[in-house]
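**Student:** Below is the structure I would like to discuss, written out as structure tokens.
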Amino acid sequence: MIEIRDIIKEYTNGKEKTRVLKEVSFQIQKGEFVAIMGPSGSGKSTLMHIIGALDTPTSGTYLLDGQDLSELPADDLARIRKAKIGFVFQAFHLLPRATVLRNVILPLIYAKVGSEERAKRAKQALLDAGLDETHHLHLSNQLSGGQMQRVAIARALVNDPAIILADEPTGNLDSKTGDLVLETFKKLHDQGRTVVLITHEPYVAEHAERIIVIRDGMIVEDRKNTKL
Amino acid sequence: MKISDMFQEVYLGISSNKIRSGLTMLGIVIGIASVIAMLSIGGGAKAQIENNIQAIGSNLLMVMPGAQRGIGASVNAGRGTAQTLTIEDSEALKNAPGVDSVAPESSQRYQITVAGKNTNTQTIGTTPAYMNVRNVSVELGSFFTDTQVASRSKVAVIGPTTLIDLFGEGANPVGQRIRIKGMEFTIVGVTAAKGGSGFSNSDDVVIVPISTMSTFLSGSKNISTIGIKAVDQESMTLAQEEITALLLARHNIPSPDNADFSVLNQSDLVDAVSSVTDTFTALLASIAGISLLVGGIGIMNMMLTTVTERTREIGLRQAIGAERIEIISQFLGEAVLLTLMGGFLGIVMGYGISRVISSLMQTPTVVSWSSITLAFGVSAAIGLIFGFYPARQAAQLNPIQALRYE
């Protein structure tokens with residue numbers, strides 16, 4: 001479903017060219033739970049941006065559900081993100097003065113879903129992400145970090161995206177709530193969703209079924225997780 | 001995004017920082033309120049002046065004697081000082097094309113006395129056509145008749161102000177006698193009030209037959225003005241030309257440049273006064289407009305701050321699929337909603353201010369629909385103009401950098 005072929009990404013800073021990704025290729029099938037792991041500066045964030053249709057590669061092809069995204073303009077990429085990608089960020093990125101429900105509904109507003117339908121779907125997404133109804137009308141800045149991240153997860157899956165893309169989802173959480181969040185991803189995977197986890201922590205990566213290790217812009221390892 | 005959802009997002013955006021939004025809006029409120037108040041003062045002044053001019057009579061032309069020329073034409077006395085118009089001139093104008101009615105007027109100030117009270121007021125000698133020409137109606141009794149003019153009757157019609165001065169409020173003076181310049185006159189009627197019009201208060205007046213005036217009071221056949229009512233607005237120019245030609249012929253003057261009279265057209269007067277009040281209004285409104293401009297800059301400043309503060313939010317919206325136009329619409333919408341609300345409050349406040357000015361300064365003010373529409377239009381335009389740049393800044397953010405913004 002995701003096909004990354006010979007992707008190169010270069011940044012130009014003045015005269016100096018930095019090649020962040022050097023001919024990366026791999027595939028992710030529907031329903032997989034993959035961790036992309038690497039130290040900072042390895043290019044994993046750049047890779048995530050390309051997979052998440054936030055950025056396009058300098059060269060190479062990126063096929064998502066058979067559609068080539070490598071050369072699409074900004075607004076077309078926005079439409080792809082709206083339809084196919086659910087993001088979970090390290091810093092949660094919730095709207096602070098809006099209710100939990102409103103935060104989760106936001107992607108459906110952009111997708112022009114009717115108000116009854118979206119309330120129903122948002123509530124289900126919150127339940128799937130492990131947040132019960134007592135919190136649905138709280139303001140999002142009244143929640144704990146773990147609860148915030150679950151709201152963010154609910155927001156990522158409310159649109160029923162092709163991939164849930166989580167960028168260091170446990171980075172701002174203590175290890176106990178981090179584990180709960182990782183447990184949530186596992187559950188979502190068990191429901192048949194495709195989850196891609198980007199992390200620098202081997203411990204976090206160990207929760208996935210498959211681990212892709214990236215270093216200096218190249219894939220150095222791509223293995224099934226045998227510890228599960 | 002649907003329109004209703006967009007509106008909700010815009011409202012949430014504004015209401016999330018109420019103090020800042022309120023203060024920014026205040027700039028627009030003050031700007032719009034002052035524009036509305038200034039326009040209302042200008043509009044009120046114009047309406048008052050036009051009313052006063054209308055009260056003199058509609059479709060009115062006035063023939064005034066020309067300036068009295070000194071020998072060698074070096075010194076001119078004021079216009080109207082020459083004594084060149086006569087009752088016969090006035091009679092001759094009655095049949096001119098475009099003329100509805102003609103009233104000769106001869107006016108002088110005399111001392112009027114009645115039972116121990118006295119007043120000094122304008123006494124006008126004229127004919128019953130005066131009522132039609134000058135838009136005068138009679139409230140009590142009746143106007144004197146053409147027969148009374150012909151017979152030089154000593155009858156008088158008084159204005160309501162004169163009535164109060166001589167008899168007190170609410171008295172019925174019809175049938176009572178007054179003395180003008182020591183001569184006894186019988187009051188036959190009282191005119192209806194027309195309202196004061198500055199120095200020439202048409203309510204403080206005593207009207208007598210012109211024949212009586214020239215025989216017993218002034219002793220002169222010369223008249224000070226001929227008031228002429230044209231048939232309608234369109235025939236005023238025609239009537240003016242015909243009157244000029246006729247009087248030139250009667251006075252044996254070959255060239256209009258040497259005319260010993262002048263014909264004044266009421267609409268010229270209205271136009272002149274209107275252009276003065278328009279200039280005055282424009283001046284006031286443009287000063288107020290400057291405060292509106294300052295308000296607009298305030299909006300832009302606030303929106304730029306908002307966009308910077310909400311960079312991460314914008315990044316998130318982009319990440320979950322907001323297109324560029326949706327980001328622009330949201331921030332432009334916030335600016336326009338602020339200025340529209342400010343505009344609405346400004347109109348209400350401007351209306352209030354104009355009422356206060358009316359009651360404190362005794363000047364009428366008129367808040368017109370056109371100024372309200374203008375205020376709404378201008379406030380929406382300010383939102384669009386000053387909101388566009390910040391909104392575009394927001395939409396041009398790179399989602400990756402926006403998400404990482406600290």
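Ordering of the structure tokens sets the chain letters (A, B, ...); residue numbers start at 1 within each chain; ligands are numbered from 1 in the order shown.
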Taking 4 positions as the minimum chain separation for residues in the same chain, which residues sit within 7 Å of stretch 231-235 of chain B when counting only C-alpha atoms? Answer as a ChimeraX atom specification.
**Tutor:** /B:59,98-100,239
**Student:** Restricting it to N, CA and C atoms, dump the selection as a short mmCIF file (atom, residue, chain, number, x, y, z; two decimals), in the first residue's frame.
**Tutor:**
data_model
loop_
_atom_site.label_atom_id
_atom_site.label_comp_id
_atom_site.auth_asym_id
_atom_site.auth_seq_id
_atom_site.Cartn_x
_atom_site.Cartn_y
_atom_site.Cartn_z
N ASN B 59 -40.44 76.75 -5.36
CA ASN B 59 -40.39 77.26 -6.73
C ASN B 59 -40.41 78.80 -6.74
N GLY B 98 -44.81 80.74 -17.44
CA GLY B 98 -44.16 79.99 -16.37
C GLY B 98 -44.44 80.56 -14.99
N VAL B 99 -45.15 81.67 -14.92
CA VAL B 99 -45.40 82.29 -13.62
C VAL B 99 -46.76 81.86 -13.09
N ASP B 100 -46.80 81.45 -11.84
CA ASP B 100 -48.04 81.01 -11.22
C ASP B 100 -48.70 82.19 -10.51
N ALA B 239 -39.28 81.03 -16.48
CA ALA B 239 -39.89 82.17 -15.81
C ALA B 239 -38.83 83.23 -15.52
#
**Student:** For stretch 267-274 of chain B, list every protein, DNA or RNA residue within 10 Å, evaluated using only C-alpha atoms, and leave out those in the same chain fewer than 3 positions away; present the list as a PyMOL selection string.
**Tutor:** chain B and resi 45-47+49-54+58-61+233+236+264+277-280
**Student:** Could you give me, as a PyMOL selection string, the residues within 7 Å of B:Ser90, counting only C-alpha atoms and dropping anything in the same chain fewer than 4 positions from it?
**Tutor:** chain B and resi 86+94+102+104+226
**Student:** Within 6 Å of chain A, which residues belong to chain B? Use only C-alpha atoms and report them as a list in words.
**Tutor:**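 In the required form, that comes to Met1, Ile320, Gly321 and Glu323 of chain B.
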**Student:** Please determine, counting only C-alpha atoms, which residue among B:Arg250, B:Arg317, B:Arg392, B:Arg152 has the shortest atom-to-atom distance to B:Leu304.
**Tutor:** B:Arg392
**Student:** Quick one: residues within 12 Å of B:Val367, only C-alpha atoms counted, chain neighbours fewer than 4 positions away excluded, as a list of chain:residue names?
**Tutor:** B:Ala33, B:Ser34, B:Val35, B:Ile36, B:Ala37, B:Met38, B:Leu39, B:Ser40, B:Ile41, B:Gly42, B:Gly43, B:Gly44, B:Ala45, B:Ala47, B:Ile347, B:Val348, B:Met349, B:Gly350, B:Tyr351, B:Gly352, B:Ile353, B:Ser354, B:Arg355, B:Ser358, B:Ser371, B:Ile372, B:Thr373, B:Leu374, B:Ala375
**Student:** Take the selection from the previous step and output its residues with C-alpha atoms, as a compact mmCIF listing (two decimals), in the first residue's frame.
**Tutor:**
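New file again-v3.txt:
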# COMPACT_ATOMS: atom_id res chain seq x y z
CA ALA B 33 -18.99 55.99 15.60
CA SER B 34 -17.17 59.22 14.85
CA VAL B 35 -17.85 58.92 11.12
CA ILE B 36 -21.55 58.34 11.80
CA ALA B 37 -21.72 61.19 14.30
CA MET B 38 -19.91 63.61 11.99
CA LEU B 39 -22.08 62.68 9.01
CA SER B 40 -25.17 63.13 11.18
CA ILE B 41 -24.10 66.63 12.20
CA GLY B 42 -23.42 67.56 8.59
CA GLY B 43 -26.67 65.95 7.44
CA GLY B 44 -28.62 67.71 10.17
CA ALA B 45 -27.16 71.10 9.30
CA ALA B 47 -31.53 69.42 6.38
CA ILE B 347 -23.23 52.63 14.33
CA VAL B 348 -25.16 52.21 17.58
CA MET B 349 -22.66 54.38 19.44
CA GLY B 350 -22.54 56.98 16.64
CA TYR B 351 -26.33 57.16 16.74
CA GLY B 352 -26.17 57.69 20.50
CA ILE B 353 -23.52 60.39 20.14
CA SER B 354 -25.59 62.20 17.52
CA ARG B 355 -28.60 62.15 19.85
CA SER B 358 -28.71 67.13 19.27
CA SER B 371 -24.32 56.67 6.20
CA ILE B 372 -25.22 53.42 8.00
CA THR B 373 -24.78 51.42 4.81
CA LEU B 374 -21.53 53.25 4.16
CA ALA B 375 -20.31 52.47 7.67
**Student:** May I ask which of the residues A:Ile198, A:Ala129, A:Ile2, A:Ile163 is the closest one to A:Asp68, counting only C-alpha atoms?
**Tutor:**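 Comparing A:Ile198, A:Ala129, A:Ile2, A:Ile163 against A:Asp68, the winner is A:Ile2.
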**Student:** Would you please give, as a PyMOL selection string, all residues of stretch 170-206 of chain A that DSSP assigns to strand (DSSP E) based on the backbone?
**Tutor:** chain A and resi 194-199
**Student:** The selected residues should be written to file as a PDB file, in the first residue's frame (atoms: N, CA and C atoms).
**Tutor:**
ATOM      1  N   THR A 194      -3.415   0.363   9.805  1.00  0.00           N
ATOM      2  CA  THR A 194      -1.999   0.453   9.501  1.00  0.00           C
ATOM      3  C   THR A 194      -1.389   1.528  10.384  1.00  0.00           C
ATOM      4  N   VAL A 195      -0.370   1.161  11.159  1.00  0.00           N
ATOM      5  CA  VAL A 195       0.230   2.139  12.066  1.00  0.00           C
ATOM      6  C   VAL A 195       1.718   2.236  11.767  1.00  0.00           C
ATOM      7  N   VAL A 196       2.204   3.474  11.586  1.00  0.00           N
ATOM      8  CA  VAL A 196       3.640   3.692  11.407  1.00  0.00           C
ATOM      9  C   VAL A 196       4.117   4.574  12.554  1.00  0.00           C
ATOM     10  N   LEU A 197       5.106   4.051  13.293  1.00  0.00           N
ATOM     11  CA  LEU A 197       5.592   4.709  14.490  1.00  0.00           C
ATOM     12  C   LEU A 197       6.988   5.235  14.203  1.00  0.00           C
ATOM     13  N   ILE A 198       7.222   6.497  14.431  1.00  0.00           N
ATOM     14  CA  ILE A 198       8.571   7.033  14.226  1.00  0.00           C
ATOM     15  C   ILE A 198       9.156   7.325  15.598  1.00  0.00           C
ATOM     16  N   THR A 199      10.318   6.770  15.883  1.00  0.00           N
ATOM     17  CA  THR A 199      10.886   6.942  17.221  1.00  0.00           C
ATOM     18  C   THR A 199      12.405   6.800  17.178  1.00  0.00           C
TER      19      THR A 199
END
